[in-house]
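Here's the structure we're looking at; comments come further down.
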Amino acid sequence: MAGAISFELLQKDAGGKARRGRLTTPHGMIETPVFMPVGTAATVKAVKPEDVRELGAQIILANTYHLFLRPGHEVVRKAGGLHKFMNWSGPILTDSGGFQVFSLSSINNITEEGVMFASHIDGSRRLLSPEKSIEVQNALGADIIMAFDECVPYPAGREYAAASAARTTRWLARCKAAHLDTDRQALFGIMQGGMYGDLRAESAAQIAALDLPGYAIGGLSVGEPKDVMYGILDDCADLLPQEKPRYLMGVGSPDALFEAVARGVDMFDCVLPTREARHGRAATSLGSVNLRNAAYAEDFSALDPACDCYTCRHYSRSYLRHLIMSKEILGATLVSIHNLAFLCGLMAKMRAAIEEGAFEVLKREFFARYYDG
RNA sequence: GUGGGUAUAGUCAAGUGGUUAAGACACAUGGUUGUGGUCCAUGCAUGCGUGGGUUCGAGUCCCACUACCCACC
């Protein structure tokens with residue numbers, strides 16, 4: 001079967017697990033490893049789609065949960081799909097709503113059927129199930145859609161993690177059965193299993209057996225210590241199929257991106273760069289900068305001297321701090337542009353380094369400058 | 001000019017003679033990982049317009065001064 005997407009493994013890092021790949025989708029190619037900016041409500045907050053493209057983003061993520069509740073997936077369908085609705089012609093991935101049902105809605109009742117929850121917008125009771133999530137994602141029309149899963153919280157007991165992972169796998173089979181238009185949209189399965197290595201292996205084997213076009217690692221970066229996350233990731237490269245893309249959900253701090261790419265992960269998404277930008281924190285080549293700090297009030301230099309993004313080419317730290325402190329909309333826009341450009345640029349550097357067999361060198365140099373400089 | 005009122009942190013204020021002067025905003029410093037444009041944590045008045053007085057004890061009562069507000073001339 002042809003399928004909506006194809007993944008080509010171009011190169012593996014000499015001596016390491018880092019991979020250089022290429023994902024072909026109905027809306028264009030994606031060079032991996034890749035960072036996907038998050039556009040929850042069919043918009044990367046504060047940034048116009050053409051600017052998202054210009055800053056180097058190859059694919060964006062949108063949320064089933066949010067669009068299901070508002071404006072409603074039928075509205076998006078009538079608009080001609082998400083790409084047209086939001087004026088983004090590149091690839092899109094939609095999250096299934098599984099995570100948000102647990103993290104955002106208040107009252108929820110989990111059954112084998114699905115999850116009953118109260119909308120965070122108006123409190124109305126809604127049901128999201130594997131079939132419903134696929135129906136909504138079909139209407140949204142993203143290139144890659146995600147399985148409806150339960151993200152096991154941290155910490156979680158072994159028994160709960162095992163039962164939850166097993167249910168997520170059963171839900172995945174239902175998602176696959178409900179998803180018919182496989183030539184237009186690729187369905188990714190999600191590995192769970194909490195922080196238990198053997199449960200992870202079991203989950204990986206079961207979802208791999210369904211022969212899906214890609215696989216995600218879920219349930220990480222949920223509050224566990226970083227070395228625990230890296231420990232789980234150590235095994236993921238061997239647990240998941242080599243020839244399929246691997247997506248680590250919710251990860252986006254620079255150190256975690258390096259560590260995960262080093263362990264063979266290809267795709268990432270995270271709210272961190274845009275959320276932090278709205279609150280005045282920027283990632284730069286020399287480390288993190290909190291623009292709210294009084295020290296930057298009269299700092300007329302560029303946010304990051306080594307960055308050539310629109311924001312760094314035209315504005316000073318002093319001005320950006322003024323915008324953030326005044327809660328001016330432009331502040332969120334400019335810092336978001338920079339933070340996204342920084343992360344997308346970082347991934348581009350990783351791709352080039354893998355091609356040159358210099359990934360470990362880049363990683364070492366980055367850590368020295370970003371965290372110790 | 002006459003009468004009345006009000007002065008407490010950068011701002012708005014609580015405070016009715018008795019420990020260490022509420023709270024909010026602002027400000028300062030952290031935090032935020034499949035996004036509720038949020039939310040959270042910590043810090044921030046040796047002092048209550050100024051000067052005197054009463055009292056064991058005064059932001060609180062008394063007197064004078066100063067500033068501002070309102071009304072009348």
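Ordering of the structure tokens sets the chain letters (A, B, ...), residue numbers begin anew at 1 in every chain, and ligands are numbered from 1 in the order given.
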DSSP-assigned strand (DSSP E or B) members of stretch 6-223 of chain A, reported as a PyMOL selection string:
chain A and resi 6-12+19-25+28-32+34-38+60-63+92-95+108-110+115-118+125-128+144-146+186-191+214-217
Counting only C-alpha atoms (C1' of nucleotides), what is within 10 Å of A:Leu23, bar same-chain residues fewer than 3 positions away, as a PyMOL selection string?
chain A and resi 5-9+28-34+244-245+266
Residue hits in chain B, query chain A, radius 12 Å, only C-alpha atoms (C1' of nucleotides), as a ChimeraX atom specification
/B:26-39
Residue subset to file, keeping C-alpha atoms (C1' of nucleotides), as an mmCIF file, in the first residue's frame:
data_model
loop_
_atom_site.group_PDB
_atom_site.id
_atom_site.type_symbol
_atom_site.label_atom_id
_atom_site.label_comp_id
_atom_site.auth_asym_id
_atom_site.auth_seq_id
_atom_site.Cartn_x
_atom_site.Cartn_y
_atom_site.Cartn_z
ATOM 1 C "C1'" A B 26 2.849 47.129 40.121
ATOM 2 C "C1'" C B 27 7.926 45.902 40.679
ATOM 3 C "C1'" A B 28 11.985 42.136 41.580
ATOM 4 C "C1'" U B 29 13.657 36.849 41.090
ATOM 5 C "C1'" G B 30 12.472 31.746 39.919
ATOM 6 C "C1'" G B 31 9.270 28.149 37.613
ATOM 7 C "C1'" U B 32 6.054 26.585 33.196
ATOM 8 C "C1'" U B 33 7.595 20.432 28.163
ATOM 9 C "C1'" G B 34 1.408 16.052 23.038
ATOM 10 C "C1'" U B 35 -0.654 25.236 25.117
ATOM 11 C "C1'" G B 36 -6.704 27.744 29.247
ATOM 12 C "C1'" G B 37 -2.535 34.488 25.838
ATOM 13 C "C1'" U B 38 -2.174 31.078 31.707
ATOM 14 C "C1'" C B 39 -1.061 29.738 36.363
#
Atom CA of A:Gly231 sits from atom CA of A:Gly197 at a separation of 8.6 Å
Env of B:A24: 12 Å cut, atoms = only C-alpha atoms (C1' of nucleotides), seq-sep filter 3 positions within chain, self excluded. Answer as a VMD selection string.
chain B and resid 11 to 14
Spatial neighbours of A:Cys175, 10 Å, only C-alpha atoms (C1' of nucleotides), chain gap at least 5 places, as a list in words
Ser129, Pro130, Glu131, Lys132, Ser133, Ile134, Glu135, Met146, Ala147, Phe148, Asp149, Thr169, Arg170, Leu180, Leu187, Phe188 and Gly189 of chain A
With N, CA, C and O atoms retained, could you export that selection as a PDB file, in the first residue's frame?
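Now in again.pdb:
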ATOM      1  N   SER A 129     -13.686   9.460  22.099  1.00  0.00           N
ATOM      2  CA  SER A 129     -13.338   8.046  22.069  1.00  0.00           C
ATOM      3  C   SER A 129     -12.398   7.848  20.887  1.00  0.00           C
ATOM      4  O   SER A 129     -12.197   8.775  20.096  1.00  0.00           O
ATOM      5  N   PRO A 130     -11.836   6.669  20.730  1.00  0.00           N
ATOM      6  CA  PRO A 130     -10.986   6.437  19.560  1.00  0.00           C
ATOM      7  C   PRO A 130     -11.706   6.779  18.253  1.00  0.00           C
ATOM      8  O   PRO A 130     -11.166   7.495  17.406  1.00  0.00           O
ATOM      9  N   GLU A 131     -12.941   6.288  18.101  1.00  0.00           N
ATOM     10  CA  GLU A 131     -13.685   6.530  16.852  1.00  0.00           C
ATOM     11  C   GLU A 131     -13.996   8.012  16.675  1.00  0.00           C
ATOM     12  O   GLU A 131     -13.905   8.555  15.570  1.00  0.00           O
ATOM     13  N   LYS A 132     -14.382   8.673  17.781  1.00  0.00           N
ATOM     14  CA  LYS A 132     -14.736  10.089  17.683  1.00  0.00           C
ATOM     15  C   LYS A 132     -13.493  10.916  17.336  1.00  0.00           C
ATOM     16  O   LYS A 132     -13.558  11.843  16.522  1.00  0.00           O
ATOM     17  N   SER A 133     -12.378  10.589  17.960  1.00  0.00           N
ATOM     18  CA  SER A 133     -11.144  11.328  17.699  1.00  0.00           C
ATOM     19  C   SER A 133     -10.743  11.198  16.228  1.00  0.00           C
ATOM     20  O   SER A 133     -10.349  12.173  15.589  1.00  0.00           O
ATOM     21  N   ILE A 134     -10.874   9.994  15.687  1.00  0.00           N
ATOM     22  CA  ILE A 134     -10.524   9.787  14.275  1.00  0.00           C
ATOM     23  C   ILE A 134     -11.507  10.545  13.381  1.00  0.00           C
ATOM     24  O   ILE A 134     -11.107  11.185  12.402  1.00  0.00           O
ATOM     25  N   GLU A 135     -12.783  10.513  13.746  1.00  0.00           N
ATOM     26  CA  GLU A 135     -13.786  11.245  12.964  1.00  0.00           C
ATOM     27  C   GLU A 135     -13.432  12.737  12.915  1.00  0.00           C
ATOM     28  O   GLU A 135     -13.478  13.373  11.861  1.00  0.00           O
ATOM     29  N   MET A 146      -2.994  11.371  15.099  1.00  0.00           N
ATOM     30  CA  MET A 146      -2.486  10.577  16.212  1.00  0.00           C
ATOM     31  C   MET A 146      -3.578   9.707  16.825  1.00  0.00           C
ATOM     32  O   MET A 146      -4.756  10.061  16.827  1.00  0.00           O
ATOM     33  N   ALA A 147      -3.145   8.588  17.364  1.00  0.00           N
ATOM     34  CA  ALA A 147      -4.058   7.678  18.039  1.00  0.00           C
ATOM     35  C   ALA A 147      -4.579   8.324  19.316  1.00  0.00           C
ATOM     36  O   ALA A 147      -3.895   9.119  19.950  1.00  0.00           O
ATOM     37  N   PHE A 148      -5.799   7.942  19.681  1.00  0.00           N
ATOM     38  CA  PHE A 148      -6.390   8.430  20.933  1.00  0.00           C
ATOM     39  C   PHE A 148      -5.846   7.553  22.060  1.00  0.00           C
ATOM     40  O   PHE A 148      -6.109   6.352  22.114  1.00  0.00           O
ATOM     41  N   ASP A 149      -5.086   8.168  22.944  1.00  0.00           N
ATOM     42  CA  ASP A 149      -4.407   7.399  23.986  1.00  0.00           C
ATOM     43  C   ASP A 149      -4.637   7.993  25.364  1.00  0.00           C
ATOM     44  O   ASP A 149      -5.187   9.085  25.491  1.00  0.00           O
ATOM     45  N   THR A 169      -3.468   0.492  23.780  1.00  0.00           N
ATOM     46  CA  THR A 169      -3.239  -0.384  22.633  1.00  0.00           C
ATOM     47  C   THR A 169      -4.571  -0.848  22.021  1.00  0.00           C
ATOM     48  O   THR A 169      -4.728  -0.865  20.802  1.00  0.00           O
ATOM     49  N   ARG A 170      -5.521  -1.189  22.864  1.00  0.00           N
ATOM     50  CA  ARG A 170      -6.835  -1.586  22.342  1.00  0.00           C
ATOM     51  C   ARG A 170      -7.489  -0.404  21.621  1.00  0.00           C
ATOM     52  O   ARG A 170      -8.115  -0.558  20.569  1.00  0.00           O
ATOM     53  N   LEU A 180     -10.203   5.246   7.652  1.00  0.00           N
ATOM     54  CA  LEU A 180     -10.308   4.593   6.347  1.00  0.00           C
ATOM     55  C   LEU A 180      -9.477   5.277   5.266  1.00  0.00           C
ATOM     56  O   LEU A 180      -8.944   4.628   4.372  1.00  0.00           O
ATOM     57  N   LEU A 187      -1.867   7.556  10.108  1.00  0.00           N
ATOM     58  CA  LEU A 187      -2.149   7.400  11.545  1.00  0.00           C
ATOM     59  C   LEU A 187      -0.910   6.890  12.267  1.00  0.00           C
ATOM     60  O   LEU A 187      -0.343   5.868  11.887  1.00  0.00           O
ATOM     61  N   PHE A 188      -0.512   7.619  13.312  1.00  0.00           N
ATOM     62  CA  PHE A 188       0.610   7.188  14.150  1.00  0.00           C
ATOM     63  C   PHE A 188       0.085   6.534  15.424  1.00  0.00           C
ATOM     64  O   PHE A 188      -0.872   7.026  16.030  1.00  0.00           O
ATOM     65  N   GLY A 189       0.737   5.458  15.828  1.00  0.00           N
ATOM     66  CA  GLY A 189       0.420   4.830  17.105  1.00  0.00           C
ATOM     67  C   GLY A 189       1.274   5.441  18.200  1.00  0.00           C
ATOM     68  O   GLY A 189       2.283   6.087  17.921  1.00  0.00           O
TER      69      GLY A 189
END
Quote the spacing between atom C1' of B:C65 and atom C1' of B:G15 in Å to one decimal place.
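Between atom C1' of B:C65 and atom C1' of B:G15 the gap is 25.4 Å.
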Point-to-point distance in Å for atom CA of A:Arg369 and atom CA of A:Leu257:
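Atom CA of A:Arg369 lies at a distance of 15.6 Å from atom CA of A:Leu257.
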Write out as a PDB file with C-alpha atoms (C1' of nucleotides), in the first residue's frame the residues lying within 12 Å of B:U60, counting only C-alpha atoms (C1' of nucleotides) and excluding same-chain residues fewer than 5 positions away.
ATOM      1  C1'   U B   8      -0.596  54.553  55.386  1.00  0.00           C
ATOM      2  C1'   G B  15      -6.704  49.431  59.921  1.00  0.00           C
ATOM      3  C1'   U B  16     -12.281  51.886  65.641  1.00  0.00           C
ATOM      4  C1'   G B  17      -5.589  52.905  71.811  1.00  0.00           C
ATOM      5  C1'   G B  18      -2.582  46.878  72.701  1.00  0.00           C
ATOM      6  C1'   A B  21       0.897  47.526  59.794  1.00  0.00           C
ATOM      7  C1'   C B  48       1.633  55.584  58.509  1.00  0.00           C
TER       8        C B  48
END
Would you kindly return, as a PyMOL selection string, each protein, DNA or RNA residue with an atom no farther than 12 Å from any atom of B:U50, considering only C-alpha atoms (C1' of nucleotides) and excluding same-chain residues fewer than 2 positions away?
chain B and resi 7+52+64-67
Pick the closest to A:Leu55 from A:His338, A:Arg70, A:Lys176, A:His83: which is it, counting only C-alpha atoms?
A:His338
If we count only C-alpha atoms (C1' of nucleotides), what is near B:C72 at a cut-off of 12 Å, once residues fewer than 3 positions away on the same chain are taken out, given as a PyMOL selection string?
chain B and resi 1-4
Same residues, N, CA and C atoms (P, O5', C5', C4', C3', O3' and C1' of nucleotides), output as a PDB file, in the first residue's frame:
ATOM      1  P     G B   1      -6.435  82.955  52.022  1.00  0.00           P
ATOM      2  O5'   G B   1      -7.511  84.111  52.160  1.00  0.00           O
ATOM      3  C5'   G B   1      -7.952  84.716  53.391  1.00  0.00           C
ATOM      4  C4'   G B   1      -9.441  84.785  53.410  1.00  0.00           C
ATOM      5  C3'   G B   1     -10.142  83.589  54.028  1.00  0.00           C
ATOM      6  O3'   G B   1     -10.133  83.641  55.445  1.00  0.00           O
ATOM      7  C1'   G B   1     -11.254  84.203  52.040  1.00  0.00           C
ATOM      8  P     U B   2     -10.164  82.359  56.313  1.00  0.00           P
ATOM      9  O5'   U B   2     -11.685  81.887  56.204  1.00  0.00           O
ATOM     10  C5'   U B   2     -12.720  82.629  56.841  1.00  0.00           C
ATOM     11  C4'   U B   2     -14.053  81.956  56.605  1.00  0.00           C
ATOM     12  C3'   U B   2     -14.107  80.477  56.951  1.00  0.00           C
ATOM     13  O3'   U B   2     -14.290  80.255  58.334  1.00  0.00           O
ATOM     14  C1'   U B   2     -15.066  80.791  54.822  1.00  0.00           C
ATOM     15  P     G B   3     -13.675  78.950  58.990  1.00  0.00           P
ATOM     16  O5'   G B   3     -14.650  77.798  58.473  1.00  0.00           O
ATOM     17  C5'   G B   3     -16.001  77.740  58.914  1.00  0.00           C
ATOM     18  C4'   G B   3     -16.769  76.707  58.138  1.00  0.00           C
ATOM     19  C3'   G B   3     -16.192  75.291  58.170  1.00  0.00           C
ATOM     20  O3'   G B   3     -16.494  74.609  59.369  1.00  0.00           O
ATOM     21  C1'   G B   3     -16.777  75.833  55.956  1.00  0.00           C
ATOM     22  P     G B   4     -15.449  73.504  59.900  1.00  0.00           P
ATOM     23  O5'   G B   4     -15.640  72.311  58.845  1.00  0.00           O
ATOM     24  C5'   G B   4     -16.850  71.553  58.837  1.00  0.00           C
ATOM     25  C4'   G B   4     -16.889  70.638  57.634  1.00  0.00           C
ATOM     26  C3'   G B   4     -15.792  69.586  57.550  1.00  0.00           C
ATOM     27  O3'   G B   4     -16.008  68.482  58.413  1.00  0.00           O
ATOM     28  C1'   G B   4     -16.042  70.593  55.440  1.00  0.00           C
TER      29        G B   4
END
Alpha helix (DSSP H) positions in stretch 102-337 of chain A, given as JSON, numbers by chain
{"A": [102, 103, 130, 131, 132, 133, 134, 135, 136, 137, 138, 139, 140, 158, 159, 160, 161, 162, 163, 164, 165, 166, 167, 168, 169, 170, 171, 172, 173, 174, 175, 176, 177, 178, 197, 198, 199, 200, 201, 202, 203, 204, 205, 206, 207, 208, 226, 227, 228, 229, 230, 231, 232, 233, 234, 235, 236, 237, 238, 239, 254, 255, 256, 257, 258, 259, 260, 261, 262, 272, 273, 274, 275, 276, 277, 278, 310, 311, 312, 313, 314, 317, 318, 319, 320, 321, 322, 323, 324, 325, 329, 330, 331, 332, 333, 334, 335, 336, 337]}
Take the residues from that selection and write them out as a compact mmCIF listing (two decimals), in the first residue's frame, keeping C-alpha atoms.
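Writing the result to part_7.txt gives the following:
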# COMPACT_ATOMS: atom_id res chain seq x y z
CA PHE A 102 -6.72 14.42 30.98
CA SER A 103 -4.74 17.59 31.39
CA PRO A 130 -10.99 6.44 19.56
CA GLU A 131 -13.68 6.53 16.85
CA LYS A 132 -14.74 10.09 17.68
CA SER A 133 -11.14 11.33 17.70
CA ILE A 134 -10.52 9.79 14.27
CA GLU A 135 -13.79 11.25 12.96
CA VAL A 136 -12.74 14.69 14.15
CA GLN A 137 -9.21 14.32 12.80
CA ASN A 138 -10.57 13.14 9.44
CA ALA A 139 -12.62 16.32 9.30
CA LEU A 140 -9.64 18.46 10.19
CA ARG A 158 2.95 -0.35 37.87
CA GLU A 159 -0.52 -1.88 37.87
CA TYR A 160 -2.16 1.31 36.65
CA ALA A 161 0.53 1.92 34.02
CA ALA A 162 0.11 -1.63 32.71
CA ALA A 163 -3.69 -1.47 32.55
CA SER A 164 -3.61 1.96 30.95
CA ALA A 165 -1.04 0.98 28.33
CA ALA A 166 -3.06 -2.11 27.45
CA ARG A 167 -6.19 0.01 27.00
CA THR A 168 -4.27 2.51 24.87
CA THR A 169 -3.24 -0.38 22.63
CA ARG A 170 -6.83 -1.59 22.34
CA TRP A 171 -7.87 1.98 21.55
CA LEU A 172 -5.17 2.09 18.88
CA ALA A 173 -6.65 -0.93 17.13
CA ARG A 174 -10.04 0.83 17.13
CA CYS A 175 -8.42 4.00 15.78
CA LYS A 176 -6.88 2.01 12.95
CA ALA A 177 -10.18 0.32 12.16
CA ALA A 178 -12.01 3.65 12.15
CA GLY A 197 10.98 -0.61 30.80
CA ASP A 198 9.24 -3.95 30.34
CA LEU A 199 5.82 -2.31 29.93
CA ARG A 200 7.35 0.00 27.32
CA ALA A 201 8.74 -2.99 25.45
CA GLU A 202 5.37 -4.72 25.56
CA SER A 203 3.58 -1.61 24.36
CA ALA A 204 6.10 -1.11 21.55
CA ALA A 205 5.77 -4.68 20.33
CA GLN A 206 1.98 -4.52 20.31
CA ILE A 207 1.68 -1.24 18.45
CA ALA A 208 4.44 -2.18 16.00
CA LYS A 226 15.34 13.90 33.07
CA ASP A 227 17.60 10.91 33.59
CA VAL A 228 14.51 8.73 34.03
CA MET A 229 13.22 9.97 30.67
CA TYR A 230 16.58 9.38 29.02
CA GLY A 231 16.65 5.90 30.51
CA ILE A 232 13.34 5.04 28.83
CA LEU A 233 14.53 6.62 25.59
CA ASP A 234 17.70 4.52 25.66
CA ASP A 235 15.63 1.49 24.76
CA CYS A 236 13.10 3.10 22.40
CA ALA A 237 15.38 3.04 19.39
CA ASP A 238 15.56 -0.73 19.62
CA LEU A 239 11.92 -1.23 20.55
CA PRO A 254 17.23 22.17 23.87
CA ASP A 255 19.00 19.65 26.10
CA ALA A 256 16.19 17.11 25.82
CA LEU A 257 16.10 17.55 22.02
CA PHE A 258 19.80 16.74 21.79
CA GLU A 259 19.51 13.76 24.13
CA ALA A 260 16.50 12.36 22.30
CA VAL A 261 17.99 12.80 18.83
CA ALA A 262 21.09 11.06 20.15
CA LEU A 272 7.77 25.62 25.47
CA PRO A 273 9.24 28.01 22.87
CA THR A 274 5.96 29.82 22.26
CA ARG A 275 4.68 29.77 25.81
CA GLU A 276 7.97 30.98 27.22
CA ALA A 277 8.13 33.65 24.52
CA ARG A 278 4.79 35.06 25.64
CA TYR A 310 13.54 38.70 11.84
CA THR A 311 13.43 39.65 15.52
CA CYS A 312 17.20 39.60 16.01
CA ARG A 313 17.79 41.53 12.79
CA HIS A 314 15.56 44.44 13.82
CA ARG A 317 16.60 43.37 24.12
CA SER A 318 15.58 46.69 25.64
CA TYR A 319 12.68 47.09 23.21
CA LEU A 320 11.59 43.47 23.55
CA ARG A 321 11.64 43.82 27.36
CA HIS A 322 9.54 46.97 27.08
CA LEU A 323 6.96 45.13 24.95
CA ILE A 324 6.85 42.16 27.32
CA MET A 325 6.57 44.34 30.43
CA ILE A 329 0.94 41.83 21.60
CA LEU A 330 3.99 42.48 19.44
CA GLY A 331 6.23 41.27 22.26
CA ALA A 332 4.70 37.80 22.12
CA THR A 333 4.99 37.83 18.34
CA LEU A 334 8.64 38.86 18.14
CA VAL A 335 9.94 36.60 20.90
CA SER A 336 7.88 33.66 19.57
CA ILE A 337 9.44 34.17 16.14
